[in-house]
Amino acid sequence: MRRIAVINQKGGVGKTTTSVNLAAALAEQGRRVVVVDLDPQANLTLHLGIEPDPGRPSSYTVLGSTTGFGDALQESGEAGLQVLPSNIDLSGAELELASAIGRDRLLSDAIEAWVAACDDPRGPADYVIFDCPPSLGLLSLNALCAAEEVFVALQTEFLALQGMTRLLEVVELVRENLNPTLSMTGIVPCIYDNRLRLAREVL
């Protein structure tokens, strides 16, 4: 099972669009895909036709250990594609979980329990894709600890390159200290306009 975190601390660069389309494309090829919405804005959840209702099982309840990972999954309109939805409750998770023991591995532990409970020898899914919020806080850290691969969604502009340096440093720190299996798989250029010389140079 491949676990991929789509990340960038900058907002509006295409993380959710990349996550949704990658997940849908893999599902169309017959793969079993789970996409995890870790953004309190719940754009991915809405994009896949799920109403982000507070109080229902979600990424917030999984991180808070009140529901299991598998119990919180919902079916999307695409065959083979399941969603761990988000809602506004998740906006308080950073503060609420700040003192939790093993707070950086809450999501990873929930996924490991989900995998261990699965009777299918192939495991419960072929891909798990994490759509990270536009920050490098506890939610993104949980995704990096639960993932094995990182895709950086990068807008093809100069300032985005500046921010990527810090992001790569964070990924390396997580790999060295928390998740030695983590690797940088690639950079996904987003919002690319080939009419602009600067965009071509950044690419």
# chains A, B, ... in the order shown; residues from 1 in each chain; ligands from 1
call {"tool": "residues_around", "arguments": {"residues": "Asp104 of chain A", "least_positions_apart": "4", "cutoff": "12 Å", "atoms": "only C-alpha atoms", "output": "PyMOL selection string"}}
result
chain A and resi 63+93-94+97-100+108-110+137-146+174+177-179
call {"tool": "write_last_selection", "arguments": {"atoms": "C-alpha atoms", "output": "PDB file, in the first residue's frame"}}
result
ATOM      1  CA  LEU A  63      -6.998  12.037  15.282  1.00  0.00           C
ATOM      2  CA  ALA A  93      -7.135  19.942  16.500  1.00  0.00           C
ATOM      3  CA  GLU A  94      -3.726  21.659  16.602  1.00  0.00           C
ATOM      4  CA  LEU A  97      -3.801  17.594  20.504  1.00  0.00           C
ATOM      5  CA  ALA A  98      -0.752  19.673  21.443  1.00  0.00           C
ATOM      6  CA  SER A  99      -0.311  17.805  24.730  1.00  0.00           C
ATOM      7  CA  ALA A 100      -1.352  14.352  23.477  1.00  0.00           C
ATOM      8  CA  SER A 108      -0.106   6.671  11.571  1.00  0.00           C
ATOM      9  CA  ASP A 109      -1.248   4.579  14.549  1.00  0.00           C
ATOM     10  CA  ALA A 110      -4.875   4.729  13.357  1.00  0.00           C
ATOM     11  CA  GLY A 137       1.749  22.306  11.834  1.00  0.00           C
ATOM     12  CA  LEU A 138       0.601  19.175  13.629  1.00  0.00           C
ATOM     13  CA  LEU A 139      -1.835  18.088  10.908  1.00  0.00           C
ATOM     14  CA  SER A 140       0.847  18.119   8.210  1.00  0.00           C
ATOM     15  CA  LEU A 141       3.289  16.449  10.595  1.00  0.00           C
ATOM     16  CA  ASN A 142       0.812  13.605  11.144  1.00  0.00           C
ATOM     17  CA  ALA A 143       0.536  13.159   7.376  1.00  0.00           C
ATOM     18  CA  LEU A 144       4.330  13.080   6.987  1.00  0.00           C
ATOM     19  CA  CYS A 145       4.634  10.487   9.769  1.00  0.00           C
ATOM     20  CA  ALA A 146       1.881   8.319   8.228  1.00  0.00           C
ATOM     21  CA  VAL A 174      10.877  14.308   9.722  1.00  0.00           C
ATOM     22  CA  ASN A 177      13.850  12.000  13.459  1.00  0.00           C
ATOM     23  CA  LEU A 178      10.363  10.531  13.082  1.00  0.00           C
ATOM     24  CA  ASN A 179       9.813   8.536   9.887  1.00  0.00           C
TER      25      ASN A 179
END
call {"tool": "select_by_dssp", "arguments": {"residues": "segment 118-174 of chain A", "states": "alpha helix (DSSP H)", "output": "ChimeraX atom specification"}}
result
/A:138-146,158-174
call {"tool": "atom_distance", "arguments": {"atom1": "atom CA of Leu38 of chain A", "atom2": "atom CA of Ser135 of chain A"}}
result
10.8 Å
call {"tool": "residues_around", "arguments": {"residues": "Val128 of chain A", "least_positions_apart": "3", "cutoff": "12 Å", "atoms": "only C-alpha atoms", "output": "ChimeraX atom specification"}}
result
/A:1-6,19-20,22-23,26-27,31-37,69,73,80-84,107-108,111,115,123-125,131,143,146-150
call {"tool": "write_last_selection", "arguments": {"atoms": "N, CA and C atoms", "output": "short mmCIF file (atom, residue, chain, number, x, y, z; two decimals), in the first residue's frame"}}
result
data_model
loop_
_atom_site.label_atom_id
_atom_site.label_comp_id
_atom_site.auth_asym_id
_atom_site.auth_seq_id
_atom_site.Cartn_x
_atom_site.Cartn_y
_atom_site.Cartn_z
N MET A 1 0.85 -1.19 0.00
CA MET A 1 0.00 0.00 0.00
C MET A 1 0.89 1.24 0.00
N ARG A 2 0.73 2.06 -1.03
CA ARG A 2 1.51 3.30 -1.11
C ARG A 2 0.78 4.41 -0.36
N ARG A 3 1.53 5.14 0.45
CA ARG A 3 0.98 6.24 1.24
C ARG A 3 1.68 7.53 0.79
N ILE A 4 0.91 8.45 0.24
CA ILE A 4 1.48 9.64 -0.40
C ILE A 4 0.90 10.90 0.25
N ALA A 5 1.76 11.77 0.73
CA ALA A 5 1.34 13.07 1.25
C ALA A 5 1.56 14.13 0.17
N VAL A 6 0.50 14.85 -0.17
CA VAL A 6 0.59 15.97 -1.11
C VAL A 6 0.65 17.24 -0.26
N SER A 19 -4.54 16.09 -5.40
CA SER A 19 -4.97 14.92 -4.62
C SER A 19 -6.23 14.29 -5.21
N VAL A 20 -7.23 15.11 -5.50
CA VAL A 20 -8.50 14.61 -6.03
C VAL A 20 -8.31 13.93 -7.37
N LEU A 22 -5.49 12.78 -8.82
CA LEU A 22 -4.66 11.59 -8.72
C LEU A 22 -5.47 10.42 -8.17
N ALA A 23 -6.24 10.67 -7.12
CA ALA A 23 -7.06 9.61 -6.51
C ALA A 23 -8.10 9.08 -7.50
N LEU A 26 -6.46 6.99 -10.34
CA LEU A 26 -6.07 5.66 -9.86
C LEU A 26 -7.29 4.77 -9.68
N ALA A 27 -8.39 5.32 -9.15
CA ALA A 27 -9.62 4.55 -8.97
C ALA A 27 -10.18 4.10 -10.31
N ARG A 31 -7.76 0.66 -9.07
CA ARG A 31 -7.05 0.62 -7.79
C ARG A 31 -8.00 1.00 -6.65
N ARG A 32 -7.72 0.47 -5.48
CA ARG A 32 -8.50 0.81 -4.28
C ARG A 32 -7.80 1.99 -3.59
N VAL A 33 -8.48 3.13 -3.57
CA VAL A 33 -7.85 4.37 -3.14
C VAL A 33 -8.61 4.99 -1.96
N VAL A 34 -7.86 5.46 -1.00
CA VAL A 34 -8.42 6.25 0.11
C VAL A 34 -7.74 7.61 0.07
N VAL A 35 -8.53 8.66 0.10
CA VAL A 35 -7.98 10.01 0.14
C VAL A 35 -8.39 10.65 1.47
N VAL A 36 -7.39 11.24 2.14
CA VAL A 36 -7.58 11.76 3.50
C VAL A 36 -7.55 13.28 3.46
N ASP A 37 -8.65 13.90 3.88
CA ASP A 37 -8.75 15.36 3.91
C ASP A 37 -8.28 15.85 5.28
N PHE A 69 -9.99 4.51 11.92
CA PHE A 69 -9.77 5.02 10.57
C PHE A 69 -10.78 4.44 9.59
N LEU A 73 -14.38 6.20 7.17
CA LEU A 73 -14.33 6.34 5.72
C LEU A 73 -15.73 6.40 5.12
N GLY A 80 -14.38 2.51 -6.04
CA GLY A 80 -13.02 2.24 -5.59
C GLY A 80 -12.36 3.39 -4.87
N LEU A 81 -13.07 4.51 -4.72
CA LEU A 81 -12.49 5.69 -4.07
C LEU A 81 -13.26 6.01 -2.79
N GLN A 82 -12.56 5.91 -1.66
CA GLN A 82 -13.14 6.25 -0.36
C GLN A 82 -12.48 7.51 0.18
N VAL A 83 -13.21 8.19 1.07
CA VAL A 83 -12.75 9.47 1.60
C VAL A 83 -12.80 9.46 3.12
N LEU A 84 -11.73 9.94 3.74
CA LEU A 84 -11.79 10.29 5.15
C LEU A 84 -12.07 11.79 5.16
N LEU A 107 -2.27 9.72 13.46
CA LEU A 107 -2.83 9.24 12.20
C LEU A 107 -2.15 7.94 11.77
N SER A 108 -0.85 7.88 11.93
CA SER A 108 -0.11 6.67 11.57
C SER A 108 -0.58 5.47 12.39
N ILE A 111 -3.96 4.27 11.15
CA ILE A 111 -3.86 3.53 9.88
C ILE A 111 -3.28 2.14 10.12
N VAL A 115 -5.03 -1.36 9.07
CA VAL A 115 -4.37 -2.38 8.26
C VAL A 115 -4.35 -3.73 8.99
N GLY A 123 -4.30 -6.17 1.80
CA GLY A 123 -4.44 -4.98 2.61
C GLY A 123 -5.75 -4.27 2.29
N PRO A 124 -6.11 -3.24 3.05
CA PRO A 124 -7.40 -2.59 2.86
C PRO A 124 -7.46 -1.63 1.67
N ALA A 125 -6.31 -1.22 1.14
CA ALA A 125 -6.29 -0.28 0.02
C ALA A 125 -4.96 -0.41 -0.72
N ASP A 131 -4.23 14.79 1.69
CA ASP A 131 -4.30 16.18 1.24
C ASP A 131 -4.03 17.06 2.45
N ALA A 143 0.53 13.72 8.73
CA ALA A 143 0.54 13.16 7.38
C ALA A 143 1.93 12.67 7.00
N ALA A 146 2.68 9.45 8.71
CA ALA A 146 1.88 8.32 8.23
C ALA A 146 2.23 7.93 6.80
N ALA A 147 2.84 8.84 6.05
CA ALA A 147 3.14 8.60 4.63
C ALA A 147 4.50 7.93 4.46
N GLU A 148 4.71 7.42 3.26
CA GLU A 148 6.02 6.91 2.87
C GLU A 148 6.63 7.76 1.77
N GLU A 149 5.76 8.55 1.10
CA GLU A 149 6.22 9.38 -0.01
C GLU A 149 5.64 10.78 0.11
N VAL A 150 6.35 11.74 -0.45
CA VAL A 150 5.89 13.13 -0.47
C VAL A 150 5.85 13.62 -1.91
#
call {"tool": "select_by_dssp", "arguments": {"residues": "segment 20-200 of chain A", "states": "strand (DSSP E)", "output": "count of residues only"}}
result
31
call {"tool": "atom_distance", "arguments": {"atom1": "atom CA of Gly12 of chain A", "atom2": "atom CA of Pro134 of chain A"}}
result
8.2 Å
call {"tool": "closest_residue", "arguments": {"among": "A:Thr66, A:Asn8, A:Asn87, A:Gln155", "to": "Asn43 of chain A", "atoms": "only C-alpha atoms"}}
result
A:Asn87
call {"tool": "closest_residue", "arguments": {"among": "A:Glu172, A:Val202, A:Ile7, A:Gly92", "to": "Gly64 of chain A", "atoms": "only C-alpha atoms"}}
result
A:Gly92
call {"tool": "atom_distance", "arguments": {"atom1": "atom CA of Leu203 of chain A", "atom2": "atom CA of Pro189 of chain A"}}
result
7.1 Å
call {"tool": "residues_around", "arguments": {"residues": "segment 49-54 of chain A", "least_positions_apart": "5", "cutoff": "8 Å", "atoms": "only C-alpha atoms", "output": "list of chain:residue names"}}
result
A:Ala42, A:Ser76, A:Gly77, A:Pro85, A:Ser86, A:Asn87, A:Ile88, A:Asp89
call {"tool": "write_last_selection", "arguments": {"atoms": "all heavy atoms", "output": "short mmCIF file (atom, residue, chain, number, x, y, z; two decimals), in the first residue's frame"}}
result
data_model
loop_
_atom_site.label_atom_id
_atom_site.label_comp_id
_atom_site.auth_asym_id
_atom_site.auth_seq_id
_atom_site.Cartn_x
_atom_site.Cartn_y
_atom_site.Cartn_z
N ALA A 42 -12.05 21.72 4.29
CA ALA A 42 -12.80 20.58 3.73
C ALA A 42 -13.09 20.72 2.24
O ALA A 42 -14.10 20.21 1.75
CB ALA A 42 -14.11 20.37 4.50
N SER A 76 -17.20 7.68 -2.04
CA SER A 76 -17.38 8.82 -2.95
C SER A 76 -18.26 8.37 -4.11
O SER A 76 -18.73 7.24 -4.15
CB SER A 76 -16.02 9.29 -3.47
OG SER A 76 -15.51 8.35 -4.41
N GLY A 77 -18.45 9.25 -5.05
CA GLY A 77 -19.23 8.87 -6.23
C GLY A 77 -18.44 8.02 -7.21
O GLY A 77 -19.01 7.50 -8.17
N PRO A 85 -13.32 12.19 5.41
CA PRO A 85 -13.69 13.60 5.24
C PRO A 85 -13.16 14.49 6.35
O PRO A 85 -12.71 14.01 7.40
CB PRO A 85 -15.22 13.55 5.26
CG PRO A 85 -15.54 12.35 6.10
CD PRO A 85 -14.45 11.35 5.84
N SER A 86 -13.24 15.77 6.10
CA SER A 86 -12.87 16.77 7.09
C SER A 86 -14.09 17.66 7.37
O SER A 86 -15.09 17.59 6.66
CB SER A 86 -11.71 17.62 6.57
OG SER A 86 -11.38 18.65 7.48
N ASN A 87 -13.98 18.47 8.39
CA ASN A 87 -14.98 19.51 8.65
C ASN A 87 -14.34 20.57 9.54
O ASN A 87 -13.18 20.47 9.92
CB ASN A 87 -16.27 18.93 9.26
CG ASN A 87 -16.01 18.17 10.54
OD1 ASN A 87 -15.39 18.69 11.47
ND2 ASN A 87 -16.49 16.93 10.60
N ILE A 88 -15.12 21.57 9.91
CA ILE A 88 -14.58 22.71 10.65
C ILE A 88 -14.06 22.32 12.03
O ILE A 88 -13.22 23.03 12.61
CB ILE A 88 -15.66 23.82 10.76
CG1 ILE A 88 -15.03 25.15 11.20
CG2 ILE A 88 -16.78 23.38 11.69
CD1 ILE A 88 -14.05 25.73 10.21
N ASP A 89 -14.50 21.18 12.57
CA ASP A 89 -14.00 20.71 13.86
C ASP A 89 -12.48 20.58 13.86
O ASP A 89 -11.83 20.77 14.89
CB ASP A 89 -14.62 19.35 14.23
CG ASP A 89 -16.09 19.45 14.61
OD1 ASP A 89 -16.55 20.58 14.88
OD2 ASP A 89 -16.77 18.41 14.60
#
call {"tool": "closest_residue", "arguments": {"among": "A:Cys132, A:Pro121, A:Met164, A:Pro57", "to": "Thr17 of chain A", "atoms": "only C-alpha atoms"}}
result
A:Cys132
call {"tool": "residues_around", "arguments": {"residues": "Leu154 of chain A", "least_positions_apart": "6", "cutoff": "8 Å", "atoms": "only C-alpha atoms", "output": "mmCIF file with C-alpha atoms, in the first residue's frame"}}
result
data_model
loop_
_atom_site.group_PDB
_atom_site.id
_atom_site.type_symbol
_atom_site.label_atom_id
_atom_site.label_comp_id
_atom_site.auth_asym_id
_atom_site.auth_seq_id
_atom_site.Cartn_x
_atom_site.Cartn_y
_atom_site.Cartn_z
ATOM 1 C CA ASN A 8 2.982 22.637 0.486
ATOM 2 C CA VAL A 13 -1.095 26.043 -5.092
ATOM 3 C CA GLY A 14 -3.091 22.999 -6.216
ATOM 4 C CA ALA A 160 6.964 29.437 -4.445
ATOM 5 C CA LEU A 161 10.537 28.279 -5.066
ATOM 6 C CA MET A 164 10.046 25.100 -1.110
ATOM 7 C CA ILE A 187 7.510 17.840 -7.389
ATOM 8 C CA VAL A 188 4.201 18.406 -9.167
ATOM 9 C CA PRO A 189 4.108 21.712 -11.090
ATOM 10 C CA CYS A 190 0.689 23.363 -10.748
#
call {"tool": "closest_residue", "arguments": {"among": "A:Glu28, A:Asp193, A:Asp71, A:Glu176", "to": "Ala117 of chain A", "atoms": "only C-alpha atoms"}}
result
A:Asp71
